[in-house]
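Novice: This is the content of work.cif (mmCIF, C-alpha atoms):
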data_input
#
loop_
_atom_site.label_atom_id
_atom_site.label_comp_id
_atom_site.auth_asym_id
_atom_site.auth_seq_id
_atom_site.Cartn_x
_atom_site.Cartn_y
_atom_site.Cartn_z
CA MET A 1 31.20 22.24 -12.53
CA SER A 2 27.47 21.97 -12.47
CA ASP A 3 24.82 23.84 -10.56
CA TYR A 4 22.35 21.00 -10.82
CA LYS A 5 20.33 20.45 -7.66
CA LYS A 6 18.74 17.41 -6.10
CA TYR A 7 15.25 17.11 -4.67
CA GLN A 8 13.91 14.38 -2.42
CA CYS A 9 10.38 12.99 -2.19
CA SER A 10 9.22 13.31 1.41
CA ILE A 11 6.82 10.38 0.98
CA CYS A 12 9.18 7.66 -0.26
CA GLY A 13 12.69 9.12 -0.30
CA HIS A 14 13.13 9.07 -4.08
CA ILE A 15 15.79 11.57 -5.19
CA TYR A 16 15.36 13.64 -8.33
CA ASP A 17 18.73 14.76 -9.64
CA GLU A 18 18.48 17.52 -12.22
CA ALA A 19 21.67 16.27 -13.86
CA GLU A 20 20.17 12.82 -14.47
CA GLY A 21 16.56 13.80 -15.05
CA ASP A 22 14.10 10.91 -15.09
CA PRO A 23 14.05 9.60 -18.64
CA ASP A 24 11.56 6.83 -17.75
CA THR A 25 8.91 9.47 -17.07
CA GLY A 26 9.95 11.64 -19.98
CA VAL A 27 12.12 14.09 -18.07
CA MET A 28 15.39 14.52 -19.94
CA PRO A 29 18.76 14.76 -18.18
CA GLY A 30 19.52 18.36 -17.28
CA THR A 31 15.89 19.32 -16.71
CA LEU A 32 15.66 21.86 -13.92
CA TRP A 33 13.11 21.22 -11.19
CA GLU A 34 11.01 24.23 -12.09
CA ASP A 35 10.83 23.04 -15.70
CA ILE A 36 9.23 19.70 -14.81
CA PRO A 37 5.49 19.78 -15.57
CA ALA A 38 3.29 20.49 -12.54
CA ASP A 39 1.42 17.22 -12.98
CA TRP A 40 4.60 15.12 -12.88
CA ARG A 41 4.53 12.56 -10.09
CA CYS A 42 7.15 10.76 -8.10
CA PRO A 43 8.05 7.70 -10.20
CA GLU A 44 8.35 5.51 -7.10
CA CYS A 45 5.30 6.41 -5.01
CA GLY A 46 3.10 8.70 -7.08
CA ALA A 47 3.43 11.70 -4.76
CA GLU A 48 2.83 15.14 -6.23
CA LYS A 49 5.68 17.44 -7.14
CA SER A 50 4.92 19.51 -4.04
CA ALA A 51 5.98 16.57 -1.84
CA TYR A 52 9.60 17.11 -2.89
CA ASP A 53 12.11 19.10 -0.85
CA LEU A 54 15.36 20.60 -2.04
CA ILE A 55 18.34 18.70 -0.66
CA VAL A 56 20.79 21.18 0.80
CA MET B 1 21.30 -17.53 -7.73
CA GLN B 2 17.48 -17.54 -7.86
CA ILE B 3 15.84 -14.71 -5.92
CA VAL B 4 12.08 -15.01 -5.44
CA ILE B 5 10.01 -12.12 -4.12
CA ILE B 6 6.43 -12.53 -2.95
CA GLY B 7 4.56 -9.26 -3.40
CA SER B 8 4.71 -6.36 -5.85
CA GLY B 9 4.17 -3.39 -3.59
CA VAL B 10 6.78 -0.77 -2.82
CA ALA B 11 8.89 -3.26 -0.83
CA GLY B 12 9.00 -6.01 -3.43
CA VAL B 13 9.42 -3.75 -6.45
CA SER B 14 12.02 -1.44 -4.88
CA PHE B 15 14.01 -4.47 -3.77
CA ALA B 16 13.78 -6.16 -7.18
CA GLU B 17 14.92 -3.08 -9.08
CA ARG B 18 17.81 -2.26 -6.81
CA TYR B 19 18.98 -5.87 -6.65
CA ARG B 20 18.75 -6.12 -10.44
CA ALA B 21 20.96 -3.07 -10.78
CA LEU B 22 23.56 -4.48 -8.39
CA SER B 23 23.56 -8.15 -9.43
CA PRO B 24 23.09 -8.51 -13.18
CA ASP B 25 23.55 -12.30 -13.23
CA ASP B 26 21.10 -13.54 -10.63
CA GLU B 27 17.59 -14.49 -11.64
CA ILE B 28 14.86 -12.40 -10.01
CA THR B 29 11.21 -13.43 -9.97
CA VAL B 30 8.37 -11.39 -8.48
CA VAL B 31 5.27 -13.43 -7.66
CA THR B 32 2.17 -11.33 -7.07
CA ARG B 33 -1.57 -11.62 -6.76
CA GLU B 34 -1.92 -8.20 -8.36
CA HIS B 35 -2.81 -7.81 -12.04
CA ASP B 36 -2.39 -4.18 -12.89
CA GLY B 37 1.24 -3.40 -12.27
CA TYR B 38 3.05 -1.58 -9.50
CA TYR B 39 0.76 1.14 -8.23
CA SER B 40 0.83 3.90 -5.65
CA ARG B 41 -0.87 2.78 -2.48
CA PRO B 42 -1.02 6.29 -0.99
CA LEU B 43 -3.09 7.37 -4.00
CA LEU B 44 -5.82 4.86 -3.14
CA SER B 45 -7.11 7.51 -0.73
CA ARG B 46 -7.61 9.92 -3.61
CA GLY B 47 -9.58 7.39 -5.60
CA PHE B 48 -12.82 9.36 -5.85
CA THR B 49 -11.74 12.87 -6.74
CA LYS B 50 -9.40 11.83 -9.54
CA ALA B 51 -11.32 10.68 -12.58
CA ASP B 52 -8.39 8.90 -14.22
CA ILE B 53 -7.17 7.24 -11.03
CA GLU B 54 -7.46 3.66 -12.30
CA GLN B 55 -4.83 4.45 -14.91
CA SER B 56 -2.81 7.19 -13.25
CA ILE B 57 -2.29 5.19 -10.06
CA ILE B 58 -0.19 2.66 -12.01
CA LEU B 59 3.41 3.77 -11.67
CA LYS B 60 5.01 0.84 -13.47
CA PRO B 61 3.27 -1.75 -15.60
CA PHE B 62 4.70 -5.21 -14.95
CA ASP B 63 6.10 -5.24 -18.48
CA LYS B 64 8.37 -2.42 -17.49
CA LEU B 65 9.89 -4.64 -14.82
CA ARG B 66 10.15 -7.47 -17.35
CA GLU B 67 12.07 -5.18 -19.72
CA ASN B 68 14.46 -4.75 -16.84
CA ASN B 69 15.04 -8.52 -16.74
CA ILE B 70 12.83 -9.11 -13.71
CA ASN B 71 10.40 -12.02 -14.10
CA VAL B 72 6.89 -11.21 -12.96
CA LEU B 73 4.24 -13.85 -12.33
CA CYS B 74 1.07 -11.87 -11.76
CA GLY B 75 -2.41 -12.90 -10.77
CA VAL B 76 -0.78 -15.70 -8.82
CA GLU B 77 -1.28 -16.86 -5.29
CA VAL B 78 1.46 -18.48 -3.28
CA THR B 79 -0.08 -21.40 -1.42
CA ALA B 80 2.92 -22.72 0.52
CA ILE B 81 6.56 -22.20 1.33
CA ASN B 82 8.50 -25.43 1.39
CA ARG B 83 11.63 -24.69 3.38
CA VAL B 84 13.08 -28.18 3.03
CA ASP B 85 13.54 -28.10 -0.73
CA LYS B 86 13.52 -24.28 -0.86
CA SER B 87 10.54 -23.78 -3.09
CA ILE B 88 7.18 -22.06 -3.08
CA ALA B 89 3.95 -23.55 -4.40
CA ILE B 90 1.99 -21.20 -6.63
CA ASN B 91 -1.47 -21.34 -8.07
CA SER B 92 -2.34 -19.03 -10.90
CA SER B 93 -6.04 -19.69 -11.16
CA TRP B 94 -7.01 -18.38 -7.76
CA SER B 95 -8.94 -15.38 -8.95
CA PRO B 96 -10.80 -15.89 -12.22
CA ARG B 97 -13.19 -13.08 -11.22
CA PHE B 98 -10.70 -10.49 -12.28
CA PRO B 99 -9.87 -10.54 -15.96
CA THR B 100 -6.22 -10.12 -16.58
CA ASP B 101 -3.94 -9.25 -19.43
CA CYS B 102 -1.14 -10.89 -17.51
CA ASP B 103 1.14 -13.25 -19.30
CA THR B 104 0.50 -16.59 -17.64
CA SER B 105 2.59 -18.48 -20.18
CA ALA B 106 5.39 -18.56 -17.65
CA VAL B 107 3.20 -20.94 -15.70
CA PRO B 108 2.90 -23.94 -18.04
CA ASP B 109 -0.52 -25.11 -17.00
CA SER B 110 -2.30 -22.19 -15.46
CA ARG B 111 -4.90 -24.44 -13.87
CA GLN B 112 -2.33 -26.35 -11.91
CA LYS B 113 -0.05 -25.68 -9.08
CA LYS B 114 3.58 -25.22 -9.75
CA ALA B 115 6.66 -25.09 -7.60
CA LEU B 116 9.24 -22.37 -7.91
CA GLN B 117 12.72 -22.90 -6.49
CA TYR B 118 14.52 -20.16 -4.57
CA ASP B 119 17.93 -19.60 -3.10
CA LYS B 120 16.73 -16.50 -1.31
CA LEU B 121 13.08 -15.79 -0.66
CA ILE B 122 11.85 -12.29 0.10
CA ILE B 123 8.42 -12.08 1.70
CA ALA B 124 6.91 -8.67 0.95
CA GLN B 125 3.22 -9.46 1.00
CA GLY B 126 2.18 -6.46 3.02
CA SER B 127 -1.04 -6.35 4.94
CA ALA B 128 -4.71 -6.98 4.57
CA ALA B 129 -7.30 -4.67 6.08
CA PHE B 130 -7.87 -5.47 9.74
CA ILE B 131 -11.48 -6.46 10.30
CA PRO B 132 -12.56 -6.27 13.95
CA PRO B 133 -14.07 -9.60 15.09
CA PRO B 134 -17.67 -8.32 15.44
CA PHE B 135 -17.67 -7.45 11.71
CA ARG B 136 -16.29 -10.72 10.42
CA PRO B 137 -19.61 -12.55 9.99
CA TYR B 138 -20.82 -9.73 7.73
CA GLU B 139 -18.00 -9.55 5.17
CA LYS B 140 -20.46 -9.37 2.28
CA LEU B 141 -21.98 -6.19 3.69
CA PHE B 142 -18.97 -3.89 3.64
CA PHE B 143 -16.05 -2.70 1.59
CA CYS B 144 -12.41 -2.25 2.53
CA LEU B 145 -9.87 -0.07 0.77
CA ASN B 146 -6.59 -1.89 0.81
CA SER B 147 -5.79 -2.52 -2.84
CA LEU B 148 -6.54 -1.34 -6.35
CA VAL B 149 -9.01 -4.21 -6.71
CA ASP B 150 -10.86 -2.84 -3.65
CA LEU B 151 -10.81 0.68 -5.08
CA LYS B 152 -12.21 -0.48 -8.41
CA ALA B 153 -15.04 -2.30 -6.62
CA LEU B 154 -15.85 0.85 -4.62
CA ARG B 155 -15.72 3.04 -7.70
CA LYS B 156 -18.01 0.70 -9.62
CA PHE B 157 -20.50 0.64 -6.73
CA ARG B 158 -20.42 4.43 -6.63
CA GLN B 159 -20.67 4.83 -10.40
CA ASP B 160 -23.88 2.77 -10.45
CA PHE B 161 -25.45 5.46 -8.26
CA LEU B 162 -24.04 8.32 -10.29
CA ASN B 163 -25.40 6.70 -13.47
CA LYS B 164 -28.87 6.93 -11.92
CA ASN B 165 -28.26 10.57 -10.99
CA GLN B 166 -28.01 9.59 -7.34
CA ARG B 167 -25.34 10.08 -4.71
CA PRO B 168 -24.57 7.14 -2.45
CA SER B 169 -24.57 7.69 1.31
CA TRP B 170 -21.54 6.21 3.02
CA ALA B 171 -20.71 5.04 6.50
CA ILE B 172 -17.00 4.81 7.20
CA VAL B 173 -16.03 2.92 10.32
CA GLY B 174 -12.64 3.98 11.66
CA GLY B 175 -11.28 7.49 12.19
CA GLY B 176 -7.63 6.65 11.69
CA LEU B 177 -5.47 7.78 8.81
CA ILE B 178 -7.20 5.84 6.02
CA GLY B 179 -10.72 6.42 7.34
CA CYS B 180 -10.18 10.18 7.53
CA GLU B 181 -8.55 10.34 4.11
CA VAL B 182 -11.32 8.40 2.39
CA ALA B 183 -14.08 10.27 4.24
CA SER B 184 -12.52 13.50 3.03
CA ASP B 185 -12.14 12.32 -0.55
CA LEU B 186 -15.70 10.98 -0.83
CA ALA B 187 -17.14 14.15 0.71
CA VAL B 188 -15.13 16.39 -1.61
CA ALA B 189 -16.29 14.20 -4.51
CA GLY B 190 -19.83 15.15 -3.48
CA ASP B 191 -21.12 12.14 -1.52
CA ASP B 192 -22.89 12.05 1.82
CA VAL B 193 -20.41 10.66 4.39
CA THR B 194 -20.74 9.67 8.04
CA LEU B 195 -17.55 8.73 9.88
CA PHE B 196 -17.80 6.52 12.96
CA HIS B 197 -14.84 6.44 15.30
CA ALA B 198 -14.59 4.38 18.48
CA MET B 199 -12.28 6.85 20.24
CA ASP B 200 -12.93 10.37 21.50
CA ARG B 201 -10.77 12.05 18.87
CA LEU B 202 -9.64 11.44 15.28
CA MET B 203 -6.28 9.88 14.40
CA GLU B 204 -5.43 9.75 18.10
CA ARG B 205 -2.40 7.58 17.43
CA GLN B 206 -0.69 10.00 15.05
CA LEU B 207 -1.95 13.44 16.07
CA VAL B 208 -1.81 15.57 19.20
CA ALA B 209 -5.24 16.53 20.55
CA GLU B 210 -5.09 20.02 19.06
CA ASP B 211 -4.53 18.66 15.56
CA SER B 212 -7.28 16.06 16.04
CA ALA B 213 -9.66 18.94 16.78
CA LEU B 214 -8.48 20.81 13.69
CA LEU B 215 -8.93 17.67 11.57
CA LEU B 216 -12.45 17.26 12.95
CA LYS B 217 -13.30 20.80 11.91
CA VAL B 218 -11.79 20.38 8.43
CA LEU B 219 -13.77 17.18 7.86
CA GLN B 220 -16.99 18.72 9.16
CA ASP B 221 -16.49 21.77 6.96
CA SER B 222 -16.18 19.51 3.94
CA GLY B 223 -19.53 17.95 4.85
CA VAL B 224 -18.51 14.81 6.72
CA LYS B 225 -20.72 13.94 9.68
CA VAL B 226 -18.27 12.75 12.34
CA LEU B 227 -19.51 10.59 15.22
CA LEU B 228 -16.95 10.01 17.98
CA ASN B 229 -17.08 7.46 20.80
CA GLN B 230 -19.09 5.15 18.57
CA ALA B 231 -18.51 1.47 19.14
CA VAL B 232 -20.24 -0.33 16.29
CA LYS B 233 -22.20 -3.21 17.78
CA GLU B 234 -23.73 -4.74 14.71
CA ILE B 235 -24.27 -4.30 11.02
CA VAL B 236 -27.27 -5.71 9.17
CA LYS B 237 -28.74 -5.39 5.72
CA GLU B 238 -32.31 -4.20 5.39
CA ASP B 239 -34.14 -3.31 2.19
CA GLY B 240 -30.94 -2.88 0.24
CA MET B 241 -29.44 -0.56 2.84
CA VAL B 242 -26.67 -1.35 5.28
CA CYS B 243 -27.60 -0.52 8.87
CA VAL B 244 -24.93 0.39 11.35
CA ARG B 245 -25.92 -0.07 14.99
CA THR B 246 -24.16 1.88 17.68
CA GLU B 247 -26.30 3.48 20.38
CA ILE B 248 -28.58 4.32 17.51
CA THR B 249 -29.23 2.67 14.15
CA ALA B 250 -28.50 4.44 10.91
CA GLU B 251 -28.91 3.35 7.29
CA PHE B 252 -26.44 3.79 4.45
CA ASP B 253 -25.95 2.69 0.87
CA GLY B 254 -22.35 1.70 1.35
CA LEU B 255 -20.20 0.79 4.33
CA LEU B 256 -16.42 0.98 4.39
CA VAL B 257 -14.44 -0.54 7.24
CA ALA B 258 -11.09 1.18 7.82
CA CYS B 259 -9.85 -0.14 11.14
CA GLY B 260 -6.16 -0.59 10.49
CA PHE B 261 -4.04 -3.32 8.97
CA LYS B 262 -3.29 -6.96 9.58
CA PRO B 263 0.09 -8.22 8.31
CA ARG B 264 -0.22 -11.22 6.01
CA THR B 265 1.68 -13.71 8.14
CA GLU B 266 -0.33 -16.84 7.29
CA LEU B 267 2.10 -18.33 4.75
CA ALA B 268 5.10 -17.74 6.97
CA GLU B 269 3.29 -19.20 9.93
CA LEU B 270 2.32 -22.33 7.99
CA ALA B 271 5.97 -22.69 7.02
CA GLY B 272 6.94 -22.58 10.68
CA LEU B 273 8.68 -19.21 10.69
CA GLU B 274 8.69 -17.22 13.90
CA ILE B 275 5.70 -14.93 14.07
CA GLY B 276 4.68 -12.10 16.33
CA ARG B 277 2.31 -9.45 15.10
CA GLY B 278 4.31 -9.68 11.89
CA ILE B 279 6.98 -12.06 10.62
CA LYS B 280 9.86 -11.72 13.06
CA VAL B 281 13.10 -10.55 11.48
CA ASN B 282 16.49 -9.59 12.81
CA GLN B 283 18.23 -6.30 12.06
CA GLN B 284 19.21 -7.74 8.66
CA MET B 285 15.53 -8.34 7.79
CA GLN B 286 16.21 -12.07 8.02
CA THR B 287 13.50 -14.38 9.37
CA SER B 288 14.11 -17.42 11.56
CA ASP B 289 15.05 -19.22 8.31
CA GLU B 290 18.39 -17.92 7.04
CA SER B 291 17.29 -18.10 3.39
CA ILE B 292 14.08 -16.16 3.94
CA PHE B 293 13.79 -12.41 4.46
CA ALA B 294 10.77 -10.22 5.09
CA LEU B 295 10.24 -6.59 4.08
CA GLY B 296 7.68 -3.90 4.62
CA ASP B 297 4.67 -3.88 6.90
CA VAL B 298 4.70 -7.68 7.18
CA ALA B 299 8.11 -7.60 8.91
CA GLU B 300 8.41 -7.20 12.67
CA LEU B 301 11.77 -5.84 13.80
CA PRO B 302 13.44 -6.93 17.07
CA ASN B 303 12.09 -3.77 18.74
CA GLY B 304 8.58 -5.06 18.02
CA LYS B 305 7.95 -2.40 15.39
CA LEU B 306 6.31 -2.87 12.01
CA TYR B 307 6.95 -0.08 9.55
CA ALA B 308 3.84 0.74 7.55
CA PHE B 309 4.86 3.94 5.78
CA ILE B 310 6.35 4.20 2.31
CA LEU B 311 9.61 5.89 3.22
CA PRO B 312 10.96 3.38 5.76
CA ILE B 313 9.67 0.47 3.68
CA ARG B 314 11.45 1.62 0.57
CA ASN B 315 14.53 2.29 2.66
CA GLN B 316 14.40 -1.30 4.02
CA ALA B 317 14.01 -2.72 0.54
CA LEU B 318 16.95 -0.79 -0.92
CA TRP B 319 19.06 -1.65 2.10
CA LEU B 320 18.33 -5.38 1.82
CA ALA B 321 19.14 -5.38 -1.90
CA GLU B 322 22.48 -3.79 -1.13
CA PHE B 323 23.08 -6.17 1.77
CA LEU B 324 22.34 -9.29 -0.27
CA ALA B 325 24.45 -7.97 -3.12
CA GLY B 326 27.35 -7.71 -0.68
CA GLN B 327 27.47 -3.92 -0.58
CA LYS B 328 26.40 -3.52 3.04
CA GLN B 329 27.62 -5.38 6.09
CA ASP B 330 25.97 -3.57 8.96
CA SER B 331 22.29 -3.68 9.87
CA TRP B 332 19.23 -1.76 8.80
CA THR B 333 18.44 1.30 10.85
CA PRO B 334 15.14 3.09 10.36
CA PRO B 335 15.45 6.47 8.64
CA VAL B 336 13.89 9.60 10.05
CA PHE B 337 10.48 9.95 8.47
CA THR B 338 7.15 11.57 8.91
CA THR B 339 3.77 11.27 7.28
CA LYS B 340 0.95 13.53 6.27
CA ALA B 341 -2.71 12.67 6.10
CA LYS B 342 -4.15 13.29 2.64
CA VAL B 343 -7.24 15.03 3.95
CA HIS B 344 -8.32 17.86 1.66
CA GLY B 345 -7.52 21.17 3.33
CA PHE B 346 -5.83 19.76 6.43
CA GLU B 347 -2.34 20.72 7.60
CA ALA B 348 -1.32 19.51 11.04
CA ALA B 349 0.35 22.16 13.20
CA HIS B 350 2.46 19.59 15.06
CA PRO B 351 4.59 16.67 13.92
CA TYR B 352 2.83 13.34 13.44
CA ASN B 353 3.62 10.54 15.82
CA VAL B 354 4.89 7.73 13.58
#
Show how you would write the structure in this file as structure tokens.
Specialist:
Amino acid sequence: MSDYKKYQCSICGHIYDEAEGDPDTGVMPGTLWEDIPADWRCPECGAEKSAYDLIV
Amino acid sequence: MQIVIIGSGVAGVSFAERYRALSPDDEITVVTREHDGYYSRPLLSRGFTKADIEQSIILKPFDKLRENNINVLCGVEVTAINRVDKSIAINSSWSPRFPTDCDTSAVPDSRQKKALQYDKLIIAQGSAAFIPPPFRPYEKLFFCLNSLVDLKALRKFRQDFLNKNQRPSWAIVGGGLIGCEVASDLAVAGDDVTLFHAMDRLMERQLVAEDSALLLKVLQDSGVKVLLNQAVKEIVKEDGMVCVRTEITAEFDGLLVACGFKPRTELAELAGLEIGRGIKVNQQMQTSDESIFALGDVAELPNGKLYAFILPIRNQALWLAEFLAGQKQDSWTPPVFTTKAKVHGFEAAHPYNV
């Protein structure tokens, strides 16, 4: 049972899943959204972190 | 099966990656005129306030796609689509002006044309900047901002002024999304900017009147001189300055034309595909040739729409990859999406009309 959340980029639709992380951009699996550096960008479209919304 | 994709923007790259993941055995080749990798087009509008933009805009170097078993032929122009023998003609020496670190060894003789066979061809060439007819004789006098190559040219032009401790004065023609974004970014970067718009309010296609008024105020507050109802009649060069003639004549160091986009339909048209404003596709993104598909803002759907925003384009690309890999049978339906102008300090109060 995990409490990992998913966030979606409002610019391109990319989904960040905390369980999977984004190893290509140096974000390890299990990294919580708030622990991703503020200057991290959407790996698909370059949008800022603030462009992401929590998927509920 | 040999899948060939023309174009390395969000449509071509998203398709290639998803198809690769779903169909490990097919060969995938991306053919692109770009040199620098897959980059973020939305970030082009922030090209003057971000010092490291020329590097940070690159989201995926082409080698990263190659590591993923996707062939990439970069710095290459496609000169023809031959539908009879299902091949495209490519020419890798089209642009010697731009030095490249691209691996051209995949093209045996880089000075010569080469044909590349396909079983399925995906046209994802995107759009060029639309240049209104009155401006076309003066192409040497103005800039556009439609690609990273364009941005680098603008930044170099600007840097030459900064190196002399000067600030260039800019005229931007077109108060749509891109024109407003670039005007904002140049002004915030410290330059003197005048924005000419032919209509009576900014971004009239996407914004309600109230938000257009707010946008006007935000731009003015950041130092942009906004001139509405300005039909540009002529541009001329005098004493190293570019003159823009409307009712009055004004002089600028640099002129940027941002009057919308023109889908790159020329290749498809030469090949005899059905063309409207874009390349006509059915609900499966298939052109009038059953082996050829089109994606992104070059594709015109049966409802006459061309989708020019990242979200629906990426959605189309992922959908088509799944469809061609046999994972989807239905048809593509546009997702709900919105946009947001990247104008410093501007938040629209109402939804955008997309």
Novice: Mind listing as number ranges by chain which residues of chain A are within 7 Å of chain B, counting all atoms listed in the file?
Specialist: A: 11-13, 43-46
Novice: Go ahead and find all residues with at least one atom no further than 6 Å from (-18.5, 3.9, 17.1) in the file's coordinates, using all atoms listed in the file; report them as a ChimeraX atom specification.
Specialist: /B:196-198,229-232
Novice: What's the separation between atom CA of A:Ser10 and atom CA of A:Arg41, in Å to one decimal place?
Specialist: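 That distance, rounded to one decimal, is 12.4 Å.
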Novice: If you count all atoms listed in the file, which residues fall within 9 Å of A:Lys49, apart from same-chain ones fewer than 3 positions away, as a PyMOL selection string?
Specialist: chain A and resi 9+36-42+52
Novice: Using only C-alpha atoms, which residues sit within 7 Å of B:Glu34 once same-chain residues fewer than 2 positions away are excluded, as a ChimeraX atom specification?
Specialist: /B:32,36-37,74-75
Novice: On this file, the PyMOL selection byres ((chain A and resi 21) around 12) gives some set of residues; write that set as a VMD selection string.
Specialist: chain A and resid 4 to 7 15 to 20 22 to 33 35 to 36 43
